[in-house]
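Below is one structure, written out as C-alpha cells; the observations come after it.
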Amino acid sequence: MTESRFKPRYITFGVIALTVIAAAVWLTIKATSTSGGGAGGAAPTTDADAPPADPGREALAKLPERLRARPDVVTGQVRLAAEKGPGDPAGIVNAIHDAVKAGRFRLRDVESDAPGAPRPADELAAALLGKDVPGEVGTLELTALAGALFEARDLGKPQYGRAPGARFDATALVARRYVVRADQGAWLATDGESVDQSAVVPFDEVAMMANVLAWRALGAMVAGDDDLASTAANQARRLAPDDPAIAFVVGKTQINAGLVEMGVATMERVAKDHADALTWQVLGRMERIQEKPFRADQDFRKAIAADPAYVPPHLQLAELALERLDVTPQAEHEGILAQAEAELDAARKIDPKAPGIRVIGAHIAALREDTDKAIALLKEETELNPTSEDGWLILAQVYAVNERDTDAIAALRGAVAAGVESADIEKALGLLLASSGAFDEAYPHVKKALALNPRDNEIRPQLAQLERARSHADEALRLMEEQVEQFPDDALGSLLLAQLELDAKNYDIALKRLDKLVKEQPDNKDAVMLRYLGMLMAGRADQGSLDAAVAAVGSRRQVAEILLEQGRVVDAEALLKDALESEPEDALVPVYLVGIYVGTGRDAEAQALREATLAPLSADDKADVEALFNTATEQAMAQRRAHEQPPGDPAPPSPDADAGTAAPAAPDAAP
C-alpha cells in the first residue's frame, strides 16, 4: 500500500519537471527567433502551421500521363508560323483573327458537337501560313495557338484566362471567351474585340488543365470513345469542382454513356444557380430524349424568357407540337399544326433567315400532302443556309420518297460541295450511289461517313458490302470483325461476318458463330437459314439443319429460292423435287423446277413437268399457272443465252457442277 501511495507523487513531480524544462527550452528558442540569431533566424513550422492542401493541385499531380497533353505545345510547324508572322503578342492575336476573317478557320457552333477537340496548335498553325485548316476550331484552341506562338517567339510563358459575359457561356464550354497574355502583359482575345482587363478570370495551371480536359471529353464523345470522355470529364471536375460549364460537360458524358437520368439530374443541379437560354434549351432537348414533353415545354419557355431573341426554343416548341399529332384525334390536327405555325411565325419575327424555320415548314407542308411546297421550302433553306445539314438531308429524302433518286443524289452532292461535314449526308449519298450500281463512286462517301461517326452501327456493314462488291474480301472481313467487337449485340453484324467467313471458306469459325447466334436467338430466321447454307457449303448438312431451315423460312420451296439466289442450283433442285411430294399444294414448286430445267438445257424434262402439272387443272387455274410457266421459261432462256459459249469453247456446266455456278433466275411473276 505504501508503494501505491507514493507512486502518483513521483509521476506528478516528473510531469512538472518536464514541463518546466520544456518551457525553458521554448523560451530559449523564442528568444533566439526574435533576436534574429540561430540557423536562418526562422522557427521550424509544424503541421498545424502549414497552409492547407490545395485539392486541385493534388488532383493535377495525380493526373494520368495520357490525359496531360495540352493543345499549346510548340512544334516545328508552330515555330515556322511564328518565324513568318508578327513578333509581338497583339500582332500574333490579330493574325489569328485575320485568318478567321479570311475563312482559313471555321469557328465551332456553340450548339453543335466538338469533333477533334481540343485540336493542337500544330494542326492550326498552317492557317498562319496561308493555308485553309479543315474542320472547325473553337476559342480555346485558337487561344492555345496564340500561346504556343508566344512561346515560339520567346515572348514569355503564356497565361490563360476567360472573359465572362459571352453569350451562352453560363454552361456552354464552347461559348467561353478565352483570353491570353504574355509576360504579365495585356489580356488579348482572338475574336478581335477589346478585353475588359479588370473582368478577366485568370487561370492557373490547374484551371487551364481542367478546361483542356473538358474539351477533350467533348471531342471524345464525338469520336465514340466513351471511356475517355467520362474519364476526362470527371478528372476536369476534380480539378475545378465549382466550374458550372465543366459540370455541364460531366452531365453530357453521363447521357452519352446511357445514364440519361443521371446526366439530366447533373445538368439540372448546375442550372439552379447557373443558367442562360442555351442551358434551358439543352435541358429541354434532353427532356425530349426522355419523352417528357411537358418538362421539355417548360424548359424551352424558360429559354425564351432568358433570351427573347433566341430562335431555337421556338423551333423546338413547334416540333413538340407536331409530335402530339400521333396521340391526338384527327379532328384536332389542324389546331396543332396552327400551334406549330405560330411558333414558326415567332421565330421569323426574330430572324426570318434563321436555320430550321423552313425545314419545319416543309414538314407541315408534307403533312398537308403539299410536296411541291415542301420541296420549295427546303430548296430555300439550302440557299439561305448552305451549311444546313437538315435542309439538304430532308430535301434528298423528299426526292427519294417520290422516286426522284437523281435529284436526291444531286441534293446530297450539293451539301458536300457547300462544305457540310455530316456522316448522315455522306452515308445517304453513298447508299443512293450504291443502289444505282456506282460502287466505286459510293465507296469514298461511305468511308468518310464512318470516319465522321464511328459509333453508327449501320455504316461498317454498308462499307463492308461495298468492299466485297469491289473484290476486297479481306478488308470487308476486317470491318465486320471490328463491327462485332464494337457492337456485340448486333445480330445483323454477326450474320454478315459469318457470311464473309463462309465466302472465305472459314467454315469452322463461321458455323461456330452461327451456332452461338441461333442458340441465343432461336427465332432469328436469317441465322437459321444461313447456318443451313453454311453446312451445305462445308458438306455437313443433315436432316436436322434442313428441317430447322424449312421451319424458319416457311417451306421447302422458299428455302430453295434462297439456295438459287446463292447459286446452289443442285441443292435447290433436289429440295424442289422433294417439295413436289411433300408440298403438293404449292403451285410455284413446279414453276421453279421448270425454270431450272430450262436454264440448264433440259427442255424435255421441263416440257414433261409442265404438261403433268397443267393436266389436272381447271381452265381458269390452267391459264394462271401457264402464265407463270411462260414467265419462268422466258427468264430462264434469257439467262441461258447470256451464259452460252461461242462455238469451240467449253460447254456450259451441267446442273451437277460446282455450287458456285450461276443459277437460273427465280420467276418475277411469282405471287
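Convention: chains lettered A, B, ... in C-alpha cells order; per-chain residue numbering from 1; ligands numbered from 1 as shown.
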
Excluding Leu588 of chain A and its own-chain neighbours fewer than 4 positions away, which residues fall within 12 Å of it when counting only C-alpha atoms? Please give them as a PyMOL selection string.
chain A and resi 555-558+560-561+576-577+579-580+583-584+592-595+610+613+624-629+631-632+666-671

Save out the residues we just selected, N, CA, C and O atoms, as a compact mmCIF listing (two decimals), in the first residue's frame.
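This went into result_14.txt:
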# COMPACT_ATOMS: atom_id res chain seq x y z
N SER A 555 -41.22 -22.99 -95.97
CA SER A 555 -41.49 -24.13 -96.84
C SER A 555 -40.20 -24.53 -97.55
O SER A 555 -39.23 -23.77 -97.59
N ARG A 556 -40.22 -25.71 -98.15
CA ARG A 556 -39.06 -26.16 -98.91
C ARG A 556 -38.83 -25.27 -100.14
O ARG A 556 -37.71 -24.99 -100.51
N ARG A 557 -39.95 -24.87 -100.75
CA ARG A 557 -39.80 -24.01 -101.92
C ARG A 557 -39.13 -22.69 -101.57
O ARG A 557 -38.28 -22.19 -102.30
N GLN A 558 -39.45 -22.10 -100.41
CA GLN A 558 -38.83 -20.84 -100.00
C GLN A 558 -37.34 -21.02 -99.68
O GLN A 558 -36.52 -20.16 -99.97
N ALA A 560 -35.55 -23.27 -101.14
CA ALA A 560 -34.94 -23.46 -102.47
C ALA A 560 -34.71 -22.12 -103.17
O ALA A 560 -33.71 -21.93 -103.86
N GLU A 561 -35.64 -21.17 -102.99
CA GLU A 561 -35.46 -19.83 -103.57
C GLU A 561 -34.15 -19.21 -103.08
O GLU A 561 -33.38 -18.65 -103.86
N LEU A 576 -36.67 -28.94 -104.35
CA LEU A 576 -37.92 -28.72 -105.06
C LEU A 576 -38.56 -30.04 -105.49
O LEU A 576 -39.80 -30.20 -105.46
N LYS A 577 -37.74 -31.01 -105.89
CA LYS A 577 -38.28 -32.32 -106.24
C LYS A 577 -38.93 -32.97 -105.03
O LYS A 577 -39.99 -33.60 -105.13
N ALA A 579 -40.23 -31.26 -102.61
CA ALA A 579 -41.43 -30.47 -102.33
C ALA A 579 -42.59 -30.86 -103.24
O ALA A 579 -43.76 -30.66 -102.88
N LEU A 580 -42.32 -31.40 -104.44
CA LEU A 580 -43.41 -31.87 -105.31
C LEU A 580 -44.27 -32.89 -104.59
O LEU A 580 -45.50 -32.93 -104.78
N GLU A 583 -45.12 -30.94 -100.54
CA GLU A 583 -45.86 -29.68 -100.54
C GLU A 583 -46.65 -29.55 -101.86
O GLU A 583 -46.46 -28.60 -102.63
N PRO A 584 -47.53 -30.51 -102.16
CA PRO A 584 -48.21 -30.52 -103.47
C PRO A 584 -49.13 -29.32 -103.67
O PRO A 584 -49.48 -28.99 -104.80
N TYR A 592 -40.70 -23.27 -110.43
CA TYR A 592 -39.26 -23.11 -110.19
C TYR A 592 -38.47 -24.26 -110.83
O TYR A 592 -37.39 -24.04 -111.40
N LEU A 593 -39.02 -25.47 -110.74
CA LEU A 593 -38.31 -26.61 -111.33
C LEU A 593 -38.21 -26.47 -112.85
O LEU A 593 -37.16 -26.74 -113.44
N VAL A 594 -39.29 -26.02 -113.48
CA VAL A 594 -39.24 -25.80 -114.93
C VAL A 594 -38.18 -24.76 -115.26
O VAL A 594 -37.43 -24.90 -116.24
N GLY A 595 -38.10 -23.69 -114.46
CA GLY A 595 -37.08 -22.68 -114.67
C GLY A 595 -35.67 -23.26 -114.60
O GLY A 595 -34.80 -22.93 -115.41
N ARG A 610 -44.21 -29.58 -117.08
CA ARG A 610 -45.22 -28.56 -117.38
C ARG A 610 -46.55 -29.23 -117.74
O ARG A 610 -47.62 -28.85 -117.23
N THR A 613 -48.22 -30.96 -114.79
CA THR A 613 -48.79 -30.01 -113.81
C THR A 613 -50.10 -29.42 -114.31
O THR A 613 -51.06 -29.26 -113.55
N ASP A 624 -53.76 -19.36 -115.32
CA ASP A 624 -52.90 -18.65 -114.37
C ASP A 624 -51.53 -19.33 -114.26
O ASP A 624 -50.48 -18.67 -114.30
N VAL A 625 -51.53 -20.65 -114.11
CA VAL A 625 -50.27 -21.38 -113.94
C VAL A 625 -49.47 -21.34 -115.24
O VAL A 625 -48.24 -21.25 -115.23
N GLU A 626 -50.18 -21.40 -116.38
CA GLU A 626 -49.49 -21.32 -117.67
C GLU A 626 -48.72 -20.00 -117.78
O GLU A 626 -47.60 -19.96 -118.29
N ALA A 627 -49.34 -18.90 -117.29
CA ALA A 627 -48.66 -17.60 -117.34
C ALA A 627 -47.38 -17.63 -116.50
O ALA A 627 -46.35 -17.07 -116.91
N LEU A 628 -47.43 -18.29 -115.35
CA LEU A 628 -46.23 -18.39 -114.51
C LEU A 628 -45.15 -19.22 -115.21
O LEU A 628 -43.96 -18.86 -115.18
N PHE A 629 -45.57 -20.33 -115.84
CA PHE A 629 -44.60 -21.16 -116.58
C PHE A 629 -43.94 -20.34 -117.70
O PHE A 629 -42.73 -20.42 -117.90
N THR A 631 -43.49 -17.10 -117.90
CA THR A 631 -42.56 -16.11 -117.35
C THR A 631 -41.26 -16.77 -116.91
O THR A 631 -40.15 -16.28 -117.22
N ALA A 632 -41.39 -17.90 -116.21
CA ALA A 632 -40.19 -18.60 -115.75
C ALA A 632 -39.35 -19.07 -116.93
O ALA A 632 -38.10 -18.99 -116.90
N ALA A 666 -35.13 -16.68 -110.44
CA ALA A 666 -36.45 -17.05 -109.95
C ALA A 666 -37.48 -16.25 -110.72
O ALA A 666 -37.24 -15.13 -111.12
N PRO A 667 -38.65 -16.83 -111.01
CA PRO A 667 -39.65 -16.13 -111.81
C PRO A 667 -40.17 -14.89 -111.10
O PRO A 667 -40.62 -14.96 -109.97
N ASP A 668 -40.13 -13.72 -111.80
CA ASP A 668 -40.60 -12.48 -111.21
C ASP A 668 -42.10 -12.48 -111.02
O ASP A 668 -42.64 -11.71 -110.23
N ALA A 669 -42.78 -13.31 -111.78
CA ALA A 669 -44.25 -13.30 -111.72
C ALA A 669 -44.80 -14.04 -110.51
O ALA A 669 -46.00 -14.11 -110.33
N ALA A 670 -43.91 -14.59 -109.70
CA ALA A 670 -44.40 -15.34 -108.55
C ALA A 670 -45.23 -14.43 -107.65
O ALA A 670 -44.83 -13.33 -107.33
N PRO A 671 -46.42 -14.89 -107.21
CA PRO A 671 -47.28 -14.04 -106.39
C PRO A 671 -46.70 -13.90 -104.99
O PRO A 671 -46.02 -14.76 -104.51

Each residue of segment 267-350 of chain A lying at most 12 Å from segment 144-168 of chain A should get a row with its shortest atom-to-atom pair and the distance in Å to one decimal, counting only C-alpha atoms; could you produce that, ordered by chain and increasing number, as a Markdown table?
| residue | atom | partner | partner_atom | distance |
| --- | --- | --- | --- | --- |
| A:His274 | CA | A:Phe168 | CA | 10.6 |
| A:Ala275 | CA | A:Phe168 | CA | 8.5 |
| A:Asp276 | CA | A:Phe168 | CA | 6.1 |
| A:Ala277 | CA | A:Phe168 | CA | 6.8 |
| A:Leu278 | CA | A:Phe168 | CA | 5.7 |
| A:Thr279 | CA | A:Phe168 | CA | 7.6 |
| A:Trp280 | CA | A:Phe168 | CA | 10.4 |
| A:Gln281 | CA | A:Phe168 | CA | 10.5 |
| A:Val282 | CA | A:Phe168 | CA | 11.1 |
| A:Ala303 | CA | A:Phe168 | CA | 10.9 |
| A:Ala306 | CA | A:Phe168 | CA | 10.4 |
| A:Asp307 | CA | A:Phe168 | CA | 9.8 |
| A:Ala309 | CA | A:Arg167 | CA | 11.7 |
| A:Tyr310 | CA | A:Phe168 | CA | 10.6 |

Compile the contact shell of Val484 of chain A as a PyMOL selection string: residues with an atom at most 12 Å away, counting only C-alpha atoms, same-chain residues fewer than 3 positions apart removed.
chain A and resi 457-458+460-461+477-481+487-498+513

What are the DSSP helix (DSSP H, G or I) residues of segment 296-375 of chain A, as JSON, numbers by chain?
{"A": [296, 297, 298, 299, 300, 301, 302, 303, 304, 305, 306, 312, 313, 314, 315, 316, 317, 318, 319, 320, 321, 322, 323, 324, 325, 326, 327, 330, 331, 332, 333, 334, 335, 336, 337, 338, 339, 340, 341, 342, 343, 344, 345, 346, 347, 348, 349, 350, 357, 358, 359, 360, 361, 362, 363, 364, 365, 366, 367, 371, 372, 373, 374, 375]}

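Of note, atom CA of Ala189 of chain A and atom CA of Ala102 of chain A are spaced 17.2 Å apart.
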
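Considering only C-alpha atoms, the residue among A:Gly56, A:Ala417, A:Glu520, A:Gly224 positioned nearest to Pro241 of chain A is A:Gly56.
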
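Of the residues in segment 160-200 of chain A, those that DSSP places in strand (DSSP E) on the basis of the backbone are Tyr160, Gly161, Arg162, Tyr178, Val179, Val180, Arg181 and Ala182 of chain A.
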
What does the file look like for those residues with all heavy atoms, as an mmCIF file, in the first residue's frame?
data_model
loop_
_atom_site.group_PDB
_atom_site.id
_atom_site.type_symbol
_atom_site.label_atom_id
_atom_site.label_comp_id
_atom_site.auth_asym_id
_atom_site.auth_seq_id
_atom_site.Cartn_x
_atom_site.Cartn_y
_atom_site.Cartn_z
ATOM 1 N N TYR A 160 -3.336 32.013 -69.383
ATOM 2 C CA TYR A 160 -4.664 31.964 -69.973
ATOM 3 C C TYR A 160 -5.715 32.389 -68.951
ATOM 4 O O TYR A 160 -5.482 32.398 -67.741
ATOM 5 C CB TYR A 160 -4.976 30.555 -70.466
ATOM 6 C CG TYR A 160 -3.996 30.054 -71.497
ATOM 7 C CD1 TYR A 160 -2.924 29.231 -71.139
ATOM 8 C CD2 TYR A 160 -4.123 30.419 -72.831
ATOM 9 C CE1 TYR A 160 -2.016 28.787 -72.085
ATOM 10 C CE2 TYR A 160 -3.224 29.974 -73.787
ATOM 11 C CZ TYR A 160 -2.171 29.165 -73.402
ATOM 12 O OH TYR A 160 -1.272 28.732 -74.350
ATOM 13 N N GLY A 161 -6.867 32.715 -69.462
ATOM 14 C CA GLY A 161 -7.993 33.069 -68.611
ATOM 15 C C GLY A 161 -9.254 33.106 -69.433
ATOM 16 O O GLY A 161 -9.268 32.703 -70.608
ATOM 17 N N ARG A 162 -10.317 33.607 -68.848
ATOM 18 C CA ARG A 162 -11.572 33.770 -69.593
ATOM 19 C C ARG A 162 -12.173 35.123 -69.262
ATOM 20 O O ARG A 162 -12.051 35.621 -68.135
ATOM 21 C CB ARG A 162 -12.559 32.640 -69.306
ATOM 22 C CG ARG A 162 -13.101 32.586 -67.900
ATOM 23 C CD ARG A 162 -14.087 31.431 -67.739
ATOM 24 N NE ARG A 162 -14.594 31.334 -66.376
ATOM 25 C CZ ARG A 162 -15.680 31.967 -65.946
ATOM 26 N NH1 ARG A 162 -16.363 32.736 -66.774
ATOM 27 N NH2 ARG A 162 -16.098 31.840 -64.701
ATOM 28 N N TYR A 178 -12.135 32.724 -74.279
ATOM 29 C CA TYR A 178 -10.821 32.532 -73.656
ATOM 30 C C TYR A 178 -9.899 33.681 -74.067
ATOM 31 O O TYR A 178 -9.990 34.209 -75.187
ATOM 32 C CB TYR A 178 -10.221 31.202 -74.088
ATOM 33 C CG TYR A 178 -10.938 30.005 -73.507
ATOM 34 C CD1 TYR A 178 -11.966 29.373 -74.211
ATOM 35 C CD2 TYR A 178 -10.611 29.503 -72.255
ATOM 36 C CE1 TYR A 178 -12.637 28.284 -73.690
ATOM 37 C CE2 TYR A 178 -11.275 28.406 -71.715
ATOM 38 C CZ TYR A 178 -12.286 27.808 -72.441
ATOM 39 O OH TYR A 178 -12.954 26.729 -71.904
ATOM 40 N N VAL A 179 -9.011 34.054 -73.149
ATOM 41 C CA VAL A 179 -8.052 35.129 -73.414
ATOM 42 C C VAL A 179 -6.656 34.660 -73.008
ATOM 43 O O VAL A 179 -6.501 33.661 -72.291
ATOM 44 C CB VAL A 179 -8.427 36.418 -72.646
ATOM 45 C CG1 VAL A 179 -9.719 37.002 -73.183
ATOM 46 C CG2 VAL A 179 -8.559 36.145 -71.146
ATOM 47 N N VAL A 180 -5.641 35.392 -73.476
ATOM 48 C CA VAL A 180 -4.254 35.007 -73.204
ATOM 49 C C VAL A 180 -3.416 36.277 -73.084
ATOM 50 O O VAL A 180 -3.733 37.315 -73.676
ATOM 51 C CB VAL A 180 -3.715 34.096 -74.339
ATOM 52 C CG1 VAL A 180 -3.714 34.815 -75.676
ATOM 53 C CG2 VAL A 180 -2.331 33.543 -74.008
ATOM 54 N N ARG A 181 -2.345 36.182 -72.318
ATOM 55 C CA ARG A 181 -1.390 37.283 -72.248
ATOM 56 C C ARG A 181 0.013 36.711 -72.137
ATOM 57 O O ARG A 181 0.197 35.544 -71.745
ATOM 58 C CB ARG A 181 -1.691 38.203 -71.076
ATOM 59 C CG ARG A 181 -1.505 37.588 -69.683
ATOM 60 C CD ARG A 181 -1.828 38.605 -68.611
ATOM 61 N NE ARG A 181 -1.734 38.028 -67.265
ATOM 62 C CZ ARG A 181 -1.986 38.714 -66.152
ATOM 63 N NH1 ARG A 181 -2.367 39.993 -66.230
ATOM 64 N NH2 ARG A 181 -1.875 38.133 -64.977
ATOM 65 N N ALA A 182 0.989 37.544 -72.461
ATOM 66 C CA ALA A 182 2.389 37.126 -72.398
ATOM 67 C C ALA A 182 3.126 37.986 -71.393
ATOM 68 O O ALA A 182 3.040 39.228 -71.448
ATOM 69 C CB ALA A 182 3.040 37.261 -73.777
#

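The space separating atom CA of Ala410 of chain A from atom CA of Lys131 of chain A comes to 29.0 Å.
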
Which residues are near Lys512 of chain A? Cut-off 12 Å, only C-alpha atoms, ignore same chain within fewer than 3 positions. Put them as a ChimeraX atom specification.
/A:494-495,497-498,501-502,506-509,515-519,527,531,534-535

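The nearest approach to Asn630 of chain A among the residues A:Ala606, A:Ile364, A:Ala396, A:Leu377, with only C-alpha atoms taken into account, belongs to A:Ala606.
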
Could you name the residues that touch Val264 of chain A at 9 Å or less, counting only C-alpha atoms, but leaving out those on the same chain fewer than 5 positions away, as a ChimeraX atom specification?
/A:251-252,254-255,259,269,283,286-287

Can you list, as a count of residues only, every protein, DNA or RNA residue that comes within 10 Å of Lys525 of chain A when you count only C-alpha atoms, leaving out same-chain residues fewer than 5 positions away?
10

Between A:Leu173, A:Ala612, A:Val559, A:Ala210, which residue has the minimum interatomic distance to Ala69 of chain A, considering only C-alpha atoms?
A:Ala210

In Å and to one decimal, atom CA of Asp620 of chain A is distant from atom CA of Glu605 of chain A by 24.5 Å

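Take the candidates A:Leu614, A:Gly258, A:Pro308, A:Leu393 and check each one against Pro590 of chain A using only C-alpha atoms; the shortest distance goes to A:Leu614.
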